[in-house]
file work-v5.cif (mmCIF, C-alpha atoms)
data_start
#
loop_
_atom_site.label_atom_id
_atom_site.label_comp_id
_atom_site.auth_asym_id
_atom_site.auth_seq_id
_atom_site.Cartn_x
_atom_site.Cartn_y
_atom_site.Cartn_z
CA PRO A 1 47.79 24.56 -70.56
CA ALA A 2 47.40 26.49 -73.80
CA SER A 3 49.70 29.46 -74.24
CA THR A 4 50.51 31.96 -76.98
CA GLU A 5 53.84 32.77 -75.30
CA GLY A 6 56.70 31.26 -77.28
CA LYS A 7 59.01 29.19 -75.08
CA THR A 8 61.98 26.90 -75.56
CA LEU A 9 61.35 23.16 -75.49
CA THR A 10 64.32 20.92 -74.73
CA ALA A 11 64.42 17.13 -75.08
CA THR A 12 67.32 15.37 -73.38
CA SER A 13 68.62 11.83 -73.70
CA PRO A 14 71.86 10.04 -72.71
CA SER A 15 73.26 10.86 -76.16
CA GLY A 16 72.54 14.59 -76.00
CA SER A 17 69.78 17.18 -76.17
CA ILE A 18 67.76 19.09 -78.75
CA SER A 19 66.13 22.47 -78.19
CA VAL A 20 63.36 24.13 -80.18
CA SER A 21 62.59 27.81 -79.61
CA ASP A 22 59.36 29.80 -79.87
CA VAL A 23 57.07 26.86 -79.07
CA VAL A 24 53.43 27.65 -78.26
CA VAL A 25 50.76 25.26 -76.96
CA GLY A 26 47.30 25.09 -78.53
CA GLU A 27 45.08 23.28 -81.02
CA VAL A 28 46.52 21.75 -84.20
CA TRP A 29 44.46 20.48 -87.13
CA LEU A 30 45.52 18.39 -90.11
CA CYS A 31 44.23 19.93 -93.36
CA SER A 32 44.34 17.59 -96.34
CA GLY A 33 42.86 17.02 -99.78
CA GLN A 34 43.37 18.14 -103.35
CA SER A 35 43.43 21.43 -105.26
CA ASN A 36 40.59 23.25 -103.49
CA MET A 37 42.41 22.66 -100.20
CA GLU A 38 45.71 23.67 -101.77
CA LEU A 39 44.40 26.84 -103.50
CA SER A 40 46.44 29.71 -102.09
CA LEU A 41 45.36 32.78 -100.20
CA GLN A 42 47.12 35.10 -102.63
CA TYR A 43 45.21 33.45 -105.50
CA VAL A 44 41.75 33.93 -103.98
CA GLY A 45 42.63 37.38 -102.61
CA PHE A 46 43.11 38.75 -99.09
CA GLY A 47 39.84 40.75 -99.14
CA GLU A 48 37.55 39.54 -96.35
CA TYR A 49 40.41 37.80 -94.58
CA ARG A 50 41.60 41.22 -93.46
CA SER A 51 38.67 41.35 -91.04
CA TYR A 52 40.67 39.02 -88.78
CA ALA A 53 43.01 40.68 -86.28
CA ASN A 54 44.55 37.47 -84.93
CA VAL A 55 46.97 36.34 -87.62
CA ASP A 56 49.78 36.36 -85.06
CA LYS A 57 47.88 33.74 -83.02
CA ILE A 58 48.10 31.01 -85.65
CA ARG A 59 50.95 28.82 -86.90
CA VAL A 60 51.13 27.17 -90.31
CA ALA A 61 53.17 24.24 -91.62
CA ASP A 62 53.03 23.14 -95.26
CA ILE A 63 54.28 19.66 -96.14
CA GLU A 64 56.30 19.35 -99.32
CA ASN A 65 54.53 17.47 -102.11
CA GLY A 66 55.96 14.03 -102.65
CA THR A 67 55.29 10.38 -103.36
CA SER A 68 57.07 7.21 -102.32
CA PRO A 69 56.49 3.50 -102.93
CA THR A 70 57.53 2.84 -99.32
CA ALA A 71 56.67 4.49 -96.01
CA GLN A 72 59.11 7.27 -95.11
CA ARG A 73 60.35 8.37 -91.69
CA SER A 74 60.85 11.98 -92.81
CA PHE A 75 59.26 14.39 -95.25
CA ALA A 76 60.65 15.22 -98.70
CA ALA A 77 61.80 18.58 -97.23
CA PRO A 78 62.25 19.73 -93.60
CA LEU A 79 58.97 20.86 -92.06
CA GLU A 80 58.99 24.48 -90.95
CA TRP A 81 56.36 26.33 -88.92
CA LYS A 82 55.42 29.85 -89.97
CA ALA A 83 54.66 32.31 -87.18
CA PRO A 84 53.11 35.08 -89.28
CA SER A 85 52.69 38.71 -88.35
CA SER A 86 50.73 39.56 -91.50
CA LEU A 87 48.42 37.83 -93.97
CA GLU A 88 50.89 38.47 -96.76
CA GLU A 89 53.30 36.04 -95.13
CA LEU A 90 50.67 33.33 -95.66
CA GLY A 91 49.95 34.23 -99.28
CA GLY A 92 51.27 30.92 -100.57
CA ASN A 93 49.33 28.82 -98.07
CA SER A 94 45.87 27.30 -98.32
CA ALA A 95 43.13 29.95 -98.29
CA TYR A 96 40.67 27.41 -96.90
CA ALA A 97 42.95 26.11 -94.13
CA VAL A 98 44.19 29.58 -93.13
CA GLY A 99 40.64 30.93 -92.95
CA PHE A 100 39.60 27.95 -90.86
CA ALA A 101 42.50 28.50 -88.45
CA LEU A 102 41.73 32.20 -88.08
CA ARG A 103 38.02 31.64 -87.39
CA LEU A 104 38.71 28.77 -85.00
CA GLN A 105 41.31 30.75 -83.06
CA GLU A 106 39.06 33.80 -82.89
CA GLY A 107 36.29 31.71 -81.38
CA LEU A 108 38.52 29.85 -78.92
CA GLY A 109 39.97 33.04 -77.49
CA GLU A 110 43.19 35.03 -77.52
CA ASP A 111 45.04 32.69 -75.16
CA ILE A 112 44.64 29.60 -77.37
CA PRO A 113 46.81 29.51 -80.51
CA VAL A 114 45.78 27.36 -83.48
CA GLY A 115 48.14 25.52 -85.78
CA ILE A 116 47.39 23.91 -89.11
CA VAL A 117 49.42 21.31 -90.99
CA GLN A 118 48.78 21.36 -94.74
CA SER A 119 49.20 18.02 -96.50
CA ASP A 120 47.51 18.47 -99.86
CA THR A 121 48.15 17.95 -103.56
CA SER A 122 46.26 19.22 -106.58
CA GLY A 123 44.43 16.49 -108.49
CA SER A 124 45.06 13.80 -105.90
CA ALA A 125 42.65 10.90 -105.41
CA ILE A 126 41.55 9.63 -102.01
CA GLU A 127 43.40 6.34 -102.59
CA GLU A 128 46.71 8.22 -102.59
CA TRP A 129 46.10 9.30 -98.97
CA MET A 130 45.16 5.82 -97.69
CA ASN A 131 47.46 3.04 -96.49
CA ALA A 132 47.76 -0.26 -98.31
CA GLN A 133 45.39 -2.09 -95.99
CA SER A 134 42.61 0.47 -96.41
CA VAL A 135 42.96 0.39 -100.20
CA ALA A 136 42.94 -3.41 -100.23
CA GLU A 137 39.76 -3.49 -98.13
CA THR A 138 37.82 -1.01 -100.27
CA GLY A 139 39.20 -1.11 -103.79
CA SER A 140 40.56 1.64 -106.03
CA ILE A 141 39.94 3.53 -109.26
CA ALA A 142 43.08 5.65 -108.92
CA GLU A 143 44.98 3.59 -111.46
CA SER A 144 42.42 4.46 -114.14
CA MET A 145 43.32 8.12 -113.55
CA GLY A 146 47.04 7.48 -113.79
CA LYS A 147 47.52 7.78 -110.03
CA ILE A 148 49.22 5.38 -107.65
CA PRO A 149 47.44 4.50 -104.40
CA VAL A 150 49.22 4.89 -101.02
CA GLU A 151 52.25 6.81 -102.31
CA ARG A 152 51.23 10.26 -100.96
CA TYR A 153 50.34 8.63 -97.66
CA ASN A 154 53.83 7.14 -97.56
CA SER A 155 55.51 10.50 -98.21
CA MET A 156 53.16 13.13 -96.73
CA ILE A 157 51.25 11.40 -93.90
CA TYR A 158 53.30 8.50 -92.55
CA PRO A 159 56.25 10.63 -91.30
CA MET A 160 53.98 12.36 -88.73
CA LEU A 161 52.00 9.39 -87.40
CA SER A 162 53.24 10.03 -83.86
CA TYR A 163 51.49 13.42 -83.82
CA THR A 164 48.21 14.06 -81.99
CA PHE A 165 45.84 16.33 -83.91
CA GLY A 166 42.79 18.20 -82.71
CA GLY A 167 40.95 17.21 -85.87
CA LEU A 168 41.03 16.58 -89.60
CA LEU A 169 39.75 19.16 -92.12
CA TRP A 170 39.24 17.36 -95.45
CA TYR A 171 38.51 18.87 -98.88
CA GLN A 172 38.76 16.18 -101.54
CA GLY A 173 36.45 14.31 -103.85
CA GLU A 174 36.57 16.02 -107.23
CA ALA A 175 38.94 13.35 -108.59
CA ASN A 176 36.68 10.54 -107.33
CA ALA A 177 33.28 12.09 -108.06
CA ALA A 178 32.38 9.50 -110.71
CA ALA A 179 32.31 6.70 -108.12
CA PRO A 180 30.29 7.95 -105.11
CA ALA A 181 29.33 4.51 -103.74
CA LEU A 182 32.95 3.39 -103.70
CA TYR A 183 34.06 6.72 -102.23
CA ALA A 184 31.65 6.32 -99.30
CA GLU A 185 33.44 3.12 -98.30
CA GLN A 186 36.85 4.64 -98.96
CA PHE A 187 36.15 7.71 -96.85
CA LYS A 188 34.90 5.59 -93.95
CA ALA A 189 38.06 3.50 -94.23
CA LEU A 190 40.29 6.60 -94.34
CA VAL A 191 38.67 8.07 -91.22
CA LYS A 192 38.98 4.75 -89.37
CA GLN A 193 42.61 4.47 -90.44
CA TYR A 194 43.58 8.02 -89.41
CA ARG A 195 41.85 7.68 -86.06
CA GLU A 196 43.76 4.49 -85.37
CA GLU A 197 47.10 5.89 -86.56
CA PHE A 198 46.86 9.40 -85.07
CA CYS A 199 44.11 9.69 -82.44
CA PRO A 200 40.29 9.51 -82.24
CA MET A 201 39.95 12.99 -83.73
CA PRO A 202 36.82 14.67 -85.15
CA VAL A 203 36.57 14.98 -88.91
CA ILE A 204 35.14 17.85 -90.94
CA SER A 205 34.76 17.15 -94.65
CA THR A 206 33.76 19.70 -97.26
CA GLN A 207 30.80 19.33 -99.58
CA LEU A 208 31.67 19.81 -103.23
CA PRO A 209 30.32 23.19 -104.42
CA LYS A 210 28.04 23.82 -107.39
CA TYR A 211 29.75 22.96 -110.63
CA SER A 212 28.41 21.80 -113.98
CA ASP A 213 29.40 18.13 -113.63
CA SER A 214 26.60 15.58 -113.75
CA ASP A 215 28.34 13.35 -111.19
CA TRP A 216 28.52 15.96 -108.45
CA PRO A 217 24.88 16.06 -107.22
CA VAL A 218 24.97 12.34 -106.42
CA PHE A 219 28.38 12.74 -104.82
CA ARG A 220 27.17 15.60 -102.62
CA GLN A 221 24.22 13.53 -101.42
CA MET A 222 26.61 10.68 -100.62
CA GLN A 223 28.70 13.06 -98.50
CA TRP A 224 25.66 13.93 -96.37
CA ASP A 225 24.52 10.32 -96.08
CA THR A 226 27.98 9.08 -95.12
CA MET A 227 28.30 11.68 -92.36
CA SER A 228 25.58 9.90 -90.38
CA GLU A 229 27.53 6.63 -90.59
CA ILE A 230 30.72 8.03 -89.02
CA SER A 231 30.76 9.19 -85.42
CA ASP A 232 32.00 12.71 -84.67
CA SER A 233 32.08 13.65 -88.35
CA TYR A 234 30.56 16.69 -90.02
CA VAL A 235 30.13 18.19 -93.48
CA VAL A 236 30.52 21.86 -94.38
CA CYS A 237 27.69 22.89 -96.70
CA GLY A 238 29.09 24.22 -99.97
CA ILE A 239 26.22 23.91 -102.45
CA ASP A 240 25.59 27.66 -102.43
CA THR A 241 29.25 28.45 -103.09
CA GLY A 242 31.32 27.94 -106.19
CA LEU A 243 30.98 28.59 -109.90
CA LYS A 244 29.28 26.39 -112.48
CA ALA A 245 32.12 26.89 -114.95
CA ASP A 246 35.11 26.85 -112.58
CA ILE A 247 36.12 23.82 -110.53
CA HIS A 248 38.23 26.10 -108.31
CA PRO A 249 35.84 28.63 -106.72
CA LEU A 250 37.40 31.63 -105.04
CA ASP A 251 34.96 32.10 -102.15
CA LYS A 252 37.06 30.12 -99.68
CA TYR A 253 36.56 32.75 -96.98
CA GLU A 254 32.88 31.87 -96.53
CA LEU A 255 33.53 28.14 -96.65
CA SER A 256 36.37 28.42 -94.14
CA ARG A 257 34.22 30.53 -91.82
CA ARG A 258 31.57 27.82 -91.84
CA ALA A 259 34.16 25.13 -91.16
CA GLY A 260 35.60 27.08 -88.24
CA GLU A 261 32.21 27.72 -86.68
CA LEU A 262 31.22 24.08 -87.18
CA ALA A 263 34.32 23.03 -85.25
CA LEU A 264 33.67 25.60 -82.53
CA THR A 265 30.10 24.36 -82.07
CA GLU A 266 30.48 20.60 -82.43
CA ASN A 267 34.01 19.99 -81.16
CA TYR A 268 34.62 22.76 -78.63
CA GLY A 269 31.12 23.31 -77.23
CA LYS A 270 30.93 26.99 -78.16
CA GLU A 271 27.47 28.52 -78.60
CA GLY A 272 25.99 31.29 -80.70
CA TYR A 273 27.00 30.27 -84.23
#

call {"tool": "encode", "arguments": {"input": "work-v5.cif", "output": "structure tokens"}}
result
Amino acid sequence: PASTEGKTLTATSPSGSISVSDVVVGEVWLCSGQSNMELSLQYVGFGEYRSYANVDKIRVADIENGTSPTAQRSFAAPLEWKAPSSLEELGGNSAYAVGFALRLQEGLGEDIPVGIVQSDTSGSAIEEWMNAQSVAETGSIAESMGKIPVERYNSMIYPMLSYTFGGLLWYQGEANAAAPALYAEQFKALVKQYREEFCPMPVISTQLPKYSDSDWPVFRQMQWDTMSEISDSYVVCGIDTGLKADIHPLDKYELSRRAGELALTENYGKEGY
């Protein structure tokens, strides 16, 4: 059962044993994408986030940026879980992912901790997060942007394939906005891939906000249309957020609140949102 009480977990084999202290049991979501997922809490400001009184009920892990031409068994740097007692301790972490975790935990209740695993990189294309088979099946424009498909997957996703997540929170698309039809097929392939490699988890993607790029309106419509083609997938509305002249809007609190309440309603059966 879920528990916020930190306990020691020990795994024993004929060759020895390993113990990990302060282990809690709850919901864990994978949070991935590019710069608007990566944008830090200290950058957007603590402001409205201070309305949450449950920061000690969440855990946060941030995967080191890296690429590799081959699949890796471990991350570029050891993965460490933060058990924060204040928002300031999470200043360098994703404002969007942290806000999502806080709202989700608040709605689930004080006895259910929420963990988030950040695997994100500024400027990354969707092809970088896919495996070779998915890229081969759908095609790629990453090379035209100077990016190499699969290599972030190899370094930042593959090492944790044995993990079971409660869901995927996805905020990516800016780099691929010029090719919405291709992206629709790529996103469907990525979801299929992750569900096969991790577990049949729900997926919440994030609509690109308002921004003065002529490609984005078509891309946003594609995001809504594609949602209906993927089971247990949802889109957080972001058209009323953002800035026309800034591709990195600061109002991540509102967007994260919506994402958390969407998960609470659609994935956990909570009412009243």

call {"tool": "residues_near_point", "arguments": {"input": "work-v5.cif", "point": "(41.8, 10.4, -92.9)", "cutoff": "9 Å", "atoms": "only C-alpha atoms", "output": "ChimeraX atom specification"}}
result
/A:32,129-130,168,170,187-195,203

call {"tool": "closest_residue", "arguments": {"input": "work-v5.cif", "among": "A:Thr12, A:Ser140, A:Gln118, A:Ser228", "to": "Tyr96 (chain A)", "atoms": "all atoms listed in the file"}}
result
A:Gln118

call {"tool": "closest_residue", "arguments": {"input": "work-v5.cif", "among": "A:Ala95, A:Val114, A:Val218, A:Met156", "to": "Pro78 (chain A)", "atoms": "all atoms listed in the file"}}
result
A:Met156

call {"tool": "resolve_selection", "arguments": {"input": "work-v5.cif", "expression": "the PyMOL selection byres ((chain A and resi 243-245) around 8)", "output": "PyMOL selection string"}}
result
chain A and resi 209-212+241-242+246-249

call {"tool": "closest_residue", "arguments": {"input": "work-v5.cif", "among": "A:Val98, A:Ala179, A:Leu169, A:Leu255", "to": "Gln42 (chain A)", "atoms": "only C-alpha atoms"}}
result
A:Val98

call {"tool": "resolve_selection", "arguments": {"input": "work-v5.cif", "expression": "the PyMOL selection byres ((chain A and resi 103) around 8)", "output": "VMD selection string"}}
result
chain A and resid 52 99 to 102 104 to 107 256 to 257 260 to 261

call {"tool": "closest_residue", "arguments": {"input": "work-v5.cif", "among": "A:Leu208, A:Glu128, A:Lys252, A:Met201", "to": "Ser233 (chain A)", "atoms": "only C-alpha atoms"}}
result
A:Met201

call {"tool": "resolve_selection", "arguments": {"input": "work-v5.cif", "expression": "the PyMOL selection byres ((chain A and resi 44) around 8)", "output": "ChimeraX atom specification"}}
result
/A:39-43,45-46,95,250-252

call {"tool": "write_last_selection", "arguments": {"input": "work-v5.cif", "atoms": "C-alpha atoms", "output": "PDB file, keeping the file's coordinate frame"}}
result
ATOM      1  CA  LEU A  39      44.400  26.840-103.500  1.00  0.00           C
ATOM      2  CA  SER A  40      46.440  29.710-102.090  1.00  0.00           C
ATOM      3  CA  LEU A  41      45.360  32.780-100.200  1.00  0.00           C
ATOM      4  CA  GLN A  42      47.120  35.100-102.630  1.00  0.00           C
ATOM      5  CA  TYR A  43      45.210  33.450-105.500  1.00  0.00           C
ATOM      6  CA  GLY A  45      42.630  37.380-102.610  1.00  0.00           C
ATOM      7  CA  PHE A  46      43.110  38.750 -99.090  1.00  0.00           C
ATOM      8  CA  ALA A  95      43.130  29.950 -98.290  1.00  0.00           C
ATOM      9  CA  LEU A 250      37.400  31.630-105.040  1.00  0.00           C
ATOM     10  CA  ASP A 251      34.960  32.100-102.150  1.00  0.00           C
ATOM     11  CA  LYS A 252      37.060  30.120 -99.680  1.00  0.00           C
TER      12      LYS A 252
END

call {"tool": "residues_around", "arguments": {"input": "work-v5.cif", "residues": "region 219-223 of chain A", "least_positions_apart": "6", "cutoff": "7 Å", "atoms": "all atoms listed in the file", "output": "list in words"}}
result
Ala177, Pro180, Ala184, Gln207 and Leu208 of chain A

call {"tool": "closest_residue", "arguments": {"input": "work-v5.cif", "among": "A:Glu151, A:Glu5, A:Glu27, A:Glu197", "to": "Ala263 (chain A)", "atoms": "all atoms listed in the file"}}
result
A:Glu27

call {"tool": "atom_distance", "arguments": {"input": "work-v5.cif", "atom1": "CA of Asn176 (chain A)", "atom2": "CA of Gly33 (chain A)"}}
result
11.7 Å
